[in-house]
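Student: Below you will find the structure I want to go over with you.
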Amino acid sequence: MTANVDLVKKFYSSFKAKDKQTYLQLCADNIEWVVMDNMPCGCTYIGKTAVFEKYFRHLFSNFHEFHAMPEEFLDAGEVIVVLGQYQIVTKKSRETVVSPFAHVYTIKNEKIIRFRQYTDTVKIQNAVRS
């Protein structure tokens, strides 16, 4: 396992633990966060404030719970691909929805500089309405 895989694993674990200081340190100041169209607030965010204060605050407001559960880490050097699933508890019905994802991270100088998301946006939109 490479240092870049370890960095991405640390990002997931610190984000899950709400260890803001750690996950922010793992990201470049001008991080580019690309969220799929048709996701809640889907677009490209630039910078830590836009990503972690604007995007995630809005995303989480749509659900009772929203968790990214990584399952597999694929190492391509400066690019790390993570396969996993979102586990969502809907806000209204408290139904559990599972949607697979692929996350693509680009790492430079021991910092995450770019994130790209791929998922079933129809499932996510249906979860928003449930």
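Residues in the structure tokens are numbered from 1 in each chain, the chains being A, B, ... in the order shown, and ligands are numbered from 1 in the order shown.
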Could you make a table, as CSV, of the residues of stretch 55-127 of chain A that have an atom within 12 Å of an atom of stretch 7-24 of chain A, each with its nearest atom pair and distance in Å to one decimal, counting only C-alpha atoms, in chain and number order?

Tutor:
residue,atom,partner,partner_atom,distance
A:Phe56,CA,A:Phe15,CA,11.1
A:Glu65,CA,A:Lys16,CA,11.9
A:Phe66,CA,A:Lys16,CA,10.4
A:His67,CA,A:Lys16,CA,7.9
A:Ala68,CA,A:Tyr12,CA,8.1
A:Met69,CA,A:Tyr12,CA,8.5
A:Pro70,CA,A:Tyr12,CA,7.9
A:Glu71,CA,A:Lys9,CA,10.4
A:Glu72,CA,A:Lys9,CA,10.2
A:Phe73,CA,A:Lys9,CA,8.5
A:Leu74,CA,A:Val8,CA,10.8
A:Asp75,CA,A:Val8,CA,10.5
A:Glu78,CA,A:Val8,CA,11.1
A:Val79,CA,A:Val8,CA,10.2
A:Ile80,CA,A:Val8,CA,7.7
A:Val81,CA,A:Val8,CA,9.5
A:Val82,CA,A:Val8,CA,8.7
A:Gly84,CA,A:Tyr12,CA,11.6
A:His103,CA,A:Val8,CA,10.4
A:Val104,CA,A:Val8,CA,10.1
A:Tyr105,CA,A:Val8,CA,7.8
A:Thr106,CA,A:Val8,CA,9.7
A:Ile107,CA,A:Leu7,CA,8.8
A:Lys108,CA,A:Leu7,CA,11.1
A:Asn109,CA,A:Leu7,CA,11.3
A:Glu110,CA,A:Leu7,CA,7.6
A:Lys111,CA,A:Leu7,CA,8.1
A:Ile112,CA,A:Val8,CA,8.0
A:Ile113,CA,A:Val8,CA,11.5
A:Arg114,CA,A:Val8,CA,11.6
A:Phe115,CA,A:Val8,CA,10.6

Student: May I have the selected residues written with N, CA, C and O atoms, as a short mmCIF file (atom, residue, chain, number, x, y, z; two decimals), in the first residue's frame?

Tutor:
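File again25.cif, as written:
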data_model
loop_
_atom_site.label_atom_id
_atom_site.label_comp_id
_atom_site.auth_asym_id
_atom_site.auth_seq_id
_atom_site.Cartn_x
_atom_site.Cartn_y
_atom_site.Cartn_z
N PHE A 56 -20.99 20.26 1.76
CA PHE A 56 -21.39 19.21 2.69
C PHE A 56 -22.54 19.64 3.59
O PHE A 56 -23.42 18.83 3.90
N GLU A 65 -29.37 10.67 7.65
CA GLU A 65 -27.97 10.24 7.73
C GLU A 65 -27.43 10.04 6.31
O GLU A 65 -28.19 9.65 5.42
N PHE A 66 -26.15 10.29 6.13
CA PHE A 66 -25.50 10.08 4.84
C PHE A 66 -24.06 9.65 5.13
O PHE A 66 -23.29 10.41 5.71
N HIS A 67 -23.71 8.42 4.74
CA HIS A 67 -22.37 7.89 5.00
C HIS A 67 -21.75 7.36 3.72
O HIS A 67 -22.42 6.67 2.94
N ALA A 68 -20.49 7.66 3.52
CA ALA A 68 -19.70 7.07 2.43
C ALA A 68 -18.88 5.94 3.03
O ALA A 68 -18.06 6.16 3.92
N MET A 69 -19.13 4.72 2.55
CA MET A 69 -18.48 3.54 3.08
C MET A 69 -17.50 2.98 2.04
O MET A 69 -17.91 2.27 1.12
N PRO A 70 -16.21 3.32 2.15
CA PRO A 70 -15.24 2.80 1.18
C PRO A 70 -15.03 1.31 1.37
O PRO A 70 -15.03 0.80 2.49
N GLU A 71 -14.86 0.61 0.24
CA GLU A 71 -14.66 -0.84 0.29
C GLU A 71 -13.37 -1.29 -0.37
O GLU A 71 -12.77 -2.26 0.05
N GLU A 72 -12.96 -0.59 -1.41
CA GLU A 72 -11.78 -1.00 -2.17
C GLU A 72 -11.01 0.23 -2.61
O GLU A 72 -11.60 1.21 -3.06
N PHE A 73 -9.69 0.17 -2.50
CA PHE A 73 -8.81 1.28 -2.87
C PHE A 73 -7.90 0.80 -4.00
O PHE A 73 -7.18 -0.19 -3.83
N LEU A 74 -7.96 1.48 -5.13
CA LEU A 74 -7.17 1.14 -6.30
C LEU A 74 -6.09 2.20 -6.49
O LEU A 74 -6.39 3.39 -6.62
N ASP A 75 -4.84 1.76 -6.51
CA ASP A 75 -3.70 2.65 -6.53
C ASP A 75 -3.18 2.85 -7.94
O ASP A 75 -2.74 1.90 -8.58
N GLU A 78 -0.48 8.85 -8.41
CA GLU A 78 -1.06 10.11 -7.91
C GLU A 78 -2.58 10.09 -7.92
O GLU A 78 -3.22 10.99 -7.40
N VAL A 79 -3.16 9.08 -8.54
CA VAL A 79 -4.63 8.94 -8.59
C VAL A 79 -5.02 7.70 -7.80
O VAL A 79 -4.47 6.62 -8.02
N ILE A 80 -5.96 7.89 -6.89
CA ILE A 80 -6.48 6.79 -6.08
C ILE A 80 -7.98 6.69 -6.37
O ILE A 80 -8.70 7.68 -6.25
N VAL A 81 -8.43 5.50 -6.76
CA VAL A 81 -9.85 5.26 -7.01
C VAL A 81 -10.40 4.46 -5.84
O VAL A 81 -9.80 3.46 -5.43
N VAL A 82 -11.51 4.93 -5.31
CA VAL A 82 -12.15 4.26 -4.18
C VAL A 82 -13.53 3.79 -4.63
O VAL A 82 -14.33 4.58 -5.14
N GLY A 84 -17.04 1.96 -3.35
CA GLY A 84 -17.77 1.75 -2.10
C GLY A 84 -19.24 1.98 -2.30
O GLY A 84 -19.76 1.90 -3.41
N HIS A 103 -15.10 7.04 -6.25
CA HIS A 103 -14.49 8.33 -5.96
C HIS A 103 -13.08 8.30 -6.54
O HIS A 103 -12.35 7.32 -6.35
N VAL A 104 -12.70 9.37 -7.21
CA VAL A 104 -11.37 9.46 -7.80
C VAL A 104 -10.66 10.65 -7.17
O VAL A 104 -11.12 11.80 -7.29
N TYR A 105 -9.56 10.37 -6.49
CA TYR A 105 -8.77 11.40 -5.81
C TYR A 105 -7.47 11.60 -6.57
O TYR A 105 -6.83 10.63 -6.99
N THR A 106 -7.05 12.85 -6.69
CA THR A 106 -5.74 13.17 -7.23
C THR A 106 -4.92 13.77 -6.09
O THR A 106 -5.39 14.68 -5.39
N ILE A 107 -3.71 13.24 -5.91
CA ILE A 107 -2.84 13.64 -4.81
C ILE A 107 -1.57 14.26 -5.39
O ILE A 107 -0.96 13.72 -6.31
N LYS A 108 -1.19 15.42 -4.83
CA LYS A 108 0.09 16.04 -5.18
C LYS A 108 0.67 16.64 -3.91
O LYS A 108 -0.06 17.25 -3.11
N ASN A 109 1.97 16.45 -3.73
CA ASN A 109 2.67 16.99 -2.57
C ASN A 109 1.97 16.62 -1.26
O ASN A 109 1.80 17.46 -0.37
N GLU A 110 1.51 15.37 -1.18
CA GLU A 110 0.90 14.81 0.03
C GLU A 110 -0.39 15.53 0.43
O GLU A 110 -0.76 15.58 1.61
N LYS A 111 -1.11 16.07 -0.56
CA LYS A 111 -2.39 16.72 -0.34
C LYS A 111 -3.38 16.27 -1.40
O LYS A 111 -3.02 16.05 -2.56
N ILE A 112 -4.64 16.16 -1.02
CA ILE A 112 -5.70 15.89 -2.00
C ILE A 112 -5.95 17.20 -2.74
O ILE A 112 -6.29 18.22 -2.12
N ILE A 113 -5.75 17.17 -4.07
CA ILE A 113 -5.97 18.39 -4.84
C ILE A 113 -7.26 18.33 -5.66
O ILE A 113 -7.77 19.36 -6.09
N ARG A 114 -7.78 17.09 -5.87
CA ARG A 114 -8.98 16.96 -6.68
C ARG A 114 -9.75 15.71 -6.27
O ARG A 114 -9.16 14.67 -5.98
N PHE A 115 -11.07 15.85 -6.27
CA PHE A 115 -11.99 14.74 -6.00
C PHE A 115 -13.04 14.74 -7.10
O PHE A 115 -13.55 15.80 -7.48
#

Student: I'd like the contact shell of A:Cys41 - 12 Å cut-off, only C-alpha atoms, skipping same-chain residues fewer than 4 positions apart - returned as a ChimeraX atom specification.

Tutor: /A:33-37,45,50-51,54-62,121,124-125,128

Student: I'd like to know which of A:Ala127, A:Ile88, A:Ala76, A:Ala28 is closest to A:Thr2, using only C-alpha atoms.

Tutor: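 Among the listed residues, A:Ala76 lies closest to A:Thr2.
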
Student: Just the residues within 7 Å of stretch 97-100 of chain A, please, counting only C-alpha atoms, with nothing from its chain fewer than 5 positions along; format it as a tab-separated table (two decimals) with C-alpha atoms, in the first residue's frame.

Tutor:
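Contents of the output file part-v3.tsv:
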chain	number	residue	atom	x	y	z
A	84	GLY	CA	-17.77	1.75	-2.10
A	85	GLN	CA	-21.33	2.59	-1.29
A	86	TYR	CA	-23.32	5.41	0.15
A	87	GLN	CA	-25.57	4.38	3.01
A	88	ILE	CA	-28.36	6.90	3.35
A	89	VAL	CA	-31.22	7.20	5.80
A	119	THR	CA	-22.76	7.41	-8.44
A	120	ASP	CA	-26.38	6.61	-9.26
A	123	LYS	CA	-31.20	6.74	-6.41
A	127	ALA	CA	-33.77	9.35	-1.43

Student: Going by DSSP on the backbone, which bits of chain A are strand (DSSP E)? Write them as an MDAnalysis selection string, please.

Tutor: chainID A and resid 27:34 44:46 63:76 79:90 96:108 111:119

Student: Just to confirm, what's the straight-line distance from atom CA of A:Ala3 to atom CA of A:Gly77 in Å (one decimal)?

Tutor: 9.4 Å

Student: Enter the distance from atom CA of A:Thr49 to atom CA of A:Val5, in Å, rounded to one decimal.

Tutor: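 Calculated distance between atom CA of A:Thr49 and atom CA of A:Val5 is 24.1 Å.
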
Student: Between atom CA of A:Asn4 and atom CA of A:Pro40, what is the distance in Å, rounded to a tenth?

Tutor: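 Spanning atom CA of A:Asn4 to atom CA of A:Pro40 is a straight-line distance of 28.6 Å.
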
Student: If you run DSSP on the backbone here, which positions in stretch 16-130 of chain A get alpha helix (DSSP H)? Please write them as number ranges by chain.

Tutor: A: 16, 20-25, 48, 56-61, 121-129

Student: Output the selection as a PDB file, in the first residue's frame - N, CA, C and O atoms for each residue.

Tutor:
ATOM      1  N   LYS A  16     -15.220  10.750   8.859  1.00  0.00           N
ATOM      2  CA  LYS A  16     -16.240   9.992   9.586  1.00  0.00           C
ATOM      3  C   LYS A  16     -16.217  10.336  11.075  1.00  0.00           C
ATOM      4  O   LYS A  16     -17.260  10.443  11.718  1.00  0.00           O
ATOM      5  N   LYS A  20     -12.161  17.508  12.023  1.00  0.00           N
ATOM      6  CA  LYS A  20     -12.029  18.556  10.998  1.00  0.00           C
ATOM      7  C   LYS A  20     -10.574  18.977  10.793  1.00  0.00           C
ATOM      8  O   LYS A  20     -10.144  19.173   9.663  1.00  0.00           O
ATOM      9  N   GLN A  21      -9.844  19.118  11.863  1.00  0.00           N
ATOM     10  CA  GLN A  21      -8.452  19.549  11.749  1.00  0.00           C
ATOM     11  C   GLN A  21      -7.661  18.587  10.860  1.00  0.00           C
ATOM     12  O   GLN A  21      -6.921  19.014   9.975  1.00  0.00           O
ATOM     13  N   THR A  22      -7.844  17.288  11.059  1.00  0.00           N
ATOM     14  CA  THR A  22      -7.085  16.298  10.276  1.00  0.00           C
ATOM     15  C   THR A  22      -7.526  16.287   8.829  1.00  0.00           C
ATOM     16  O   THR A  22      -6.691  16.358   7.921  1.00  0.00           O
ATOM     17  N   TYR A  23      -8.834  16.177   8.550  1.00  0.00           N
ATOM     18  CA  TYR A  23      -9.231  16.071   7.142  1.00  0.00           C
ATOM     19  C   TYR A  23      -8.939  17.346   6.370  1.00  0.00           C
ATOM     20  O   TYR A  23      -8.609  17.287   5.190  1.00  0.00           O
ATOM     21  N   LEU A  24      -8.993  18.497   7.019  1.00  0.00           N
ATOM     22  CA  LEU A  24      -8.631  19.733   6.315  1.00  0.00           C
ATOM     23  C   LEU A  24      -7.141  19.778   6.004  1.00  0.00           C
ATOM     24  O   LEU A  24      -6.737  20.261   4.943  1.00  0.00           O
ATOM     25  N   GLN A  25      -6.307  19.259   6.900  1.00  0.00           N
ATOM     26  CA  GLN A  25      -4.860  19.229   6.668  1.00  0.00           C
ATOM     27  C   GLN A  25      -4.485  18.333   5.502  1.00  0.00           C
ATOM     28  O   GLN A  25      -3.454  18.532   4.874  1.00  0.00           O
ATOM     29  N   LYS A  48     -11.404  24.814   0.310  1.00  0.00           N
ATOM     30  CA  LYS A  48     -11.890  24.087   1.479  1.00  0.00           C
ATOM     31  C   LYS A  48     -13.210  24.640   2.002  1.00  0.00           C
ATOM     32  O   LYS A  48     -14.096  23.866   2.380  1.00  0.00           O
ATOM     33  N   PHE A  56     -20.995  20.263   1.759  1.00  0.00           N
ATOM     34  CA  PHE A  56     -21.391  19.206   2.687  1.00  0.00           C
ATOM     35  C   PHE A  56     -22.537  19.641   3.595  1.00  0.00           C
ATOM     36  O   PHE A  56     -23.415  18.834   3.902  1.00  0.00           O
ATOM     37  N   ARG A  57     -22.567  20.878   4.008  1.00  0.00           N
ATOM     38  CA  ARG A  57     -23.683  21.355   4.839  1.00  0.00           C
ATOM     39  C   ARG A  57     -24.998  21.188   4.080  1.00  0.00           C
ATOM     40  O   ARG A  57     -25.985  20.698   4.617  1.00  0.00           O
ATOM     41  N   HIS A  58     -25.020  21.581   2.814  1.00  0.00           N
ATOM     42  CA  HIS A  58     -26.245  21.443   2.020  1.00  0.00           C
ATOM     43  C   HIS A  58     -26.580  19.971   1.768  1.00  0.00           C
ATOM     44  O   HIS A  58     -27.730  19.557   1.900  1.00  0.00           O
ATOM     45  N   LEU A  59     -25.583  19.174   1.385  1.00  0.00           N
ATOM     46  CA  LEU A  59     -25.825  17.755   1.121  1.00  0.00           C
ATOM     47  C   LEU A  59     -26.456  17.082   2.329  1.00  0.00           C
ATOM     48  O   LEU A  59     -27.500  16.435   2.228  1.00  0.00           O
ATOM     49  N   PHE A  60     -25.845  17.225   3.492  1.00  0.00           N
ATOM     50  CA  PHE A  60     -26.315  16.537   4.692  1.00  0.00           C
ATOM     51  C   PHE A  60     -27.690  17.029   5.140  1.00  0.00           C
ATOM     52  O   PHE A  60     -28.425  16.287   5.781  1.00  0.00           O
ATOM     53  N   SER A  61     -28.061  18.242   4.789  1.00  0.00           N
ATOM     54  CA  SER A  61     -29.380  18.765   5.186  1.00  0.00           C
ATOM     55  C   SER A  61     -30.525  18.042   4.478  1.00  0.00           C
ATOM     56  O   SER A  61     -31.672  18.138   4.904  1.00  0.00           O
ATOM     57  N   THR A 121     -27.199   8.882  -9.483  1.00  0.00           N
ATOM     58  CA  THR A 121     -27.864  10.093  -9.008  1.00  0.00           C
ATOM     59  C   THR A 121     -29.386   9.934  -8.924  1.00  0.00           C
ATOM     60  O   THR A 121     -30.021  10.622  -8.136  1.00  0.00           O
ATOM     61  N   VAL A 122     -29.949   9.025  -9.704  1.00  0.00           N
ATOM     62  CA  VAL A 122     -31.406   8.783  -9.626  1.00  0.00           C
ATOM     63  C   VAL A 122     -31.759   8.232  -8.244  1.00  0.00           C
ATOM     64  O   VAL A 122     -32.709   8.691  -7.602  1.00  0.00           O
ATOM     65  N   LYS A 123     -30.965   7.286  -7.750  1.00  0.00           N
ATOM     66  CA  LYS A 123     -31.196   6.740  -6.413  1.00  0.00           C
ATOM     67  C   LYS A 123     -31.065   7.831  -5.350  1.00  0.00           C
ATOM     68  O   LYS A 123     -31.853   7.877  -4.401  1.00  0.00           O
ATOM     69  N   ILE A 124     -30.078   8.680  -5.510  1.00  0.00           N
ATOM     70  CA  ILE A 124     -29.865   9.755  -4.535  1.00  0.00           C
ATOM     71  C   ILE A 124     -31.034  10.742  -4.566  1.00  0.00           C
ATOM     72  O   ILE A 124     -31.559  11.137  -3.525  1.00  0.00           O
ATOM     73  N   GLN A 125     -31.471  11.129  -5.768  1.00  0.00           N
ATOM     74  CA  GLN A 125     -32.613  12.044  -5.882  1.00  0.00           C
ATOM     75  C   GLN A 125     -33.877  11.423  -5.290  1.00  0.00           C
ATOM     76  O   GLN A 125     -34.659  12.110  -4.633  1.00  0.00           O
ATOM     77  N   ASN A 126     -34.090  10.130  -5.523  1.00  0.00           N
ATOM     78  CA  ASN A 126     -35.249   9.459  -4.934  1.00  0.00           C
ATOM     79  C   ASN A 126     -35.163   9.462  -3.409  1.00  0.00           C
ATOM     80  O   ASN A 126     -36.179   9.611  -2.721  1.00  0.00           O
ATOM     81  N   ALA A 127     -33.968   9.329  -2.882  1.00  0.00           N
ATOM     82  CA  ALA A 127     -33.770   9.354  -1.429  1.00  0.00           C
ATOM     83  C   ALA A 127     -34.082  10.739  -0.871  1.00  0.00           C
ATOM     84  O   ALA A 127     -34.614  10.861   0.235  1.00  0.00           O
ATOM     85  N   VAL A 128     -33.764  11.794  -1.623  1.00  0.00           N
ATOM     86  CA  VAL A 128     -34.063  13.155  -1.170  1.00  0.00           C
ATOM     87  C   VAL A 128     -35.567  13.327  -1.009  1.00  0.00           C
ATOM     88  O   VAL A 128     -36.049  13.937  -0.054  1.00  0.00           O
ATOM     89  N   ARG A 129     -36.328  12.746  -1.924  1.00  0.00           N
ATOM     90  CA  ARG A 129     -37.799  12.896  -1.903  1.00  0.00           C
ATOM     91  C   ARG A 129     -38.481  11.967  -0.909  1.00  0.00           C
ATOM     92  O   ARG A 129     -39.639  12.147  -0.607  1.00  0.00           O
TER      93      ARG A 129
END

Student: Have a look at A:Glu32, A:Leu26, A:Ser130, A:Tyr118 and name the one nearest to A:Thr44; count only C-alpha atoms.

Tutor: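 Of A:Glu32, A:Leu26, A:Ser130, A:Tyr118, the one nearest A:Thr44 is A:Glu32, counting only C-alpha atoms.
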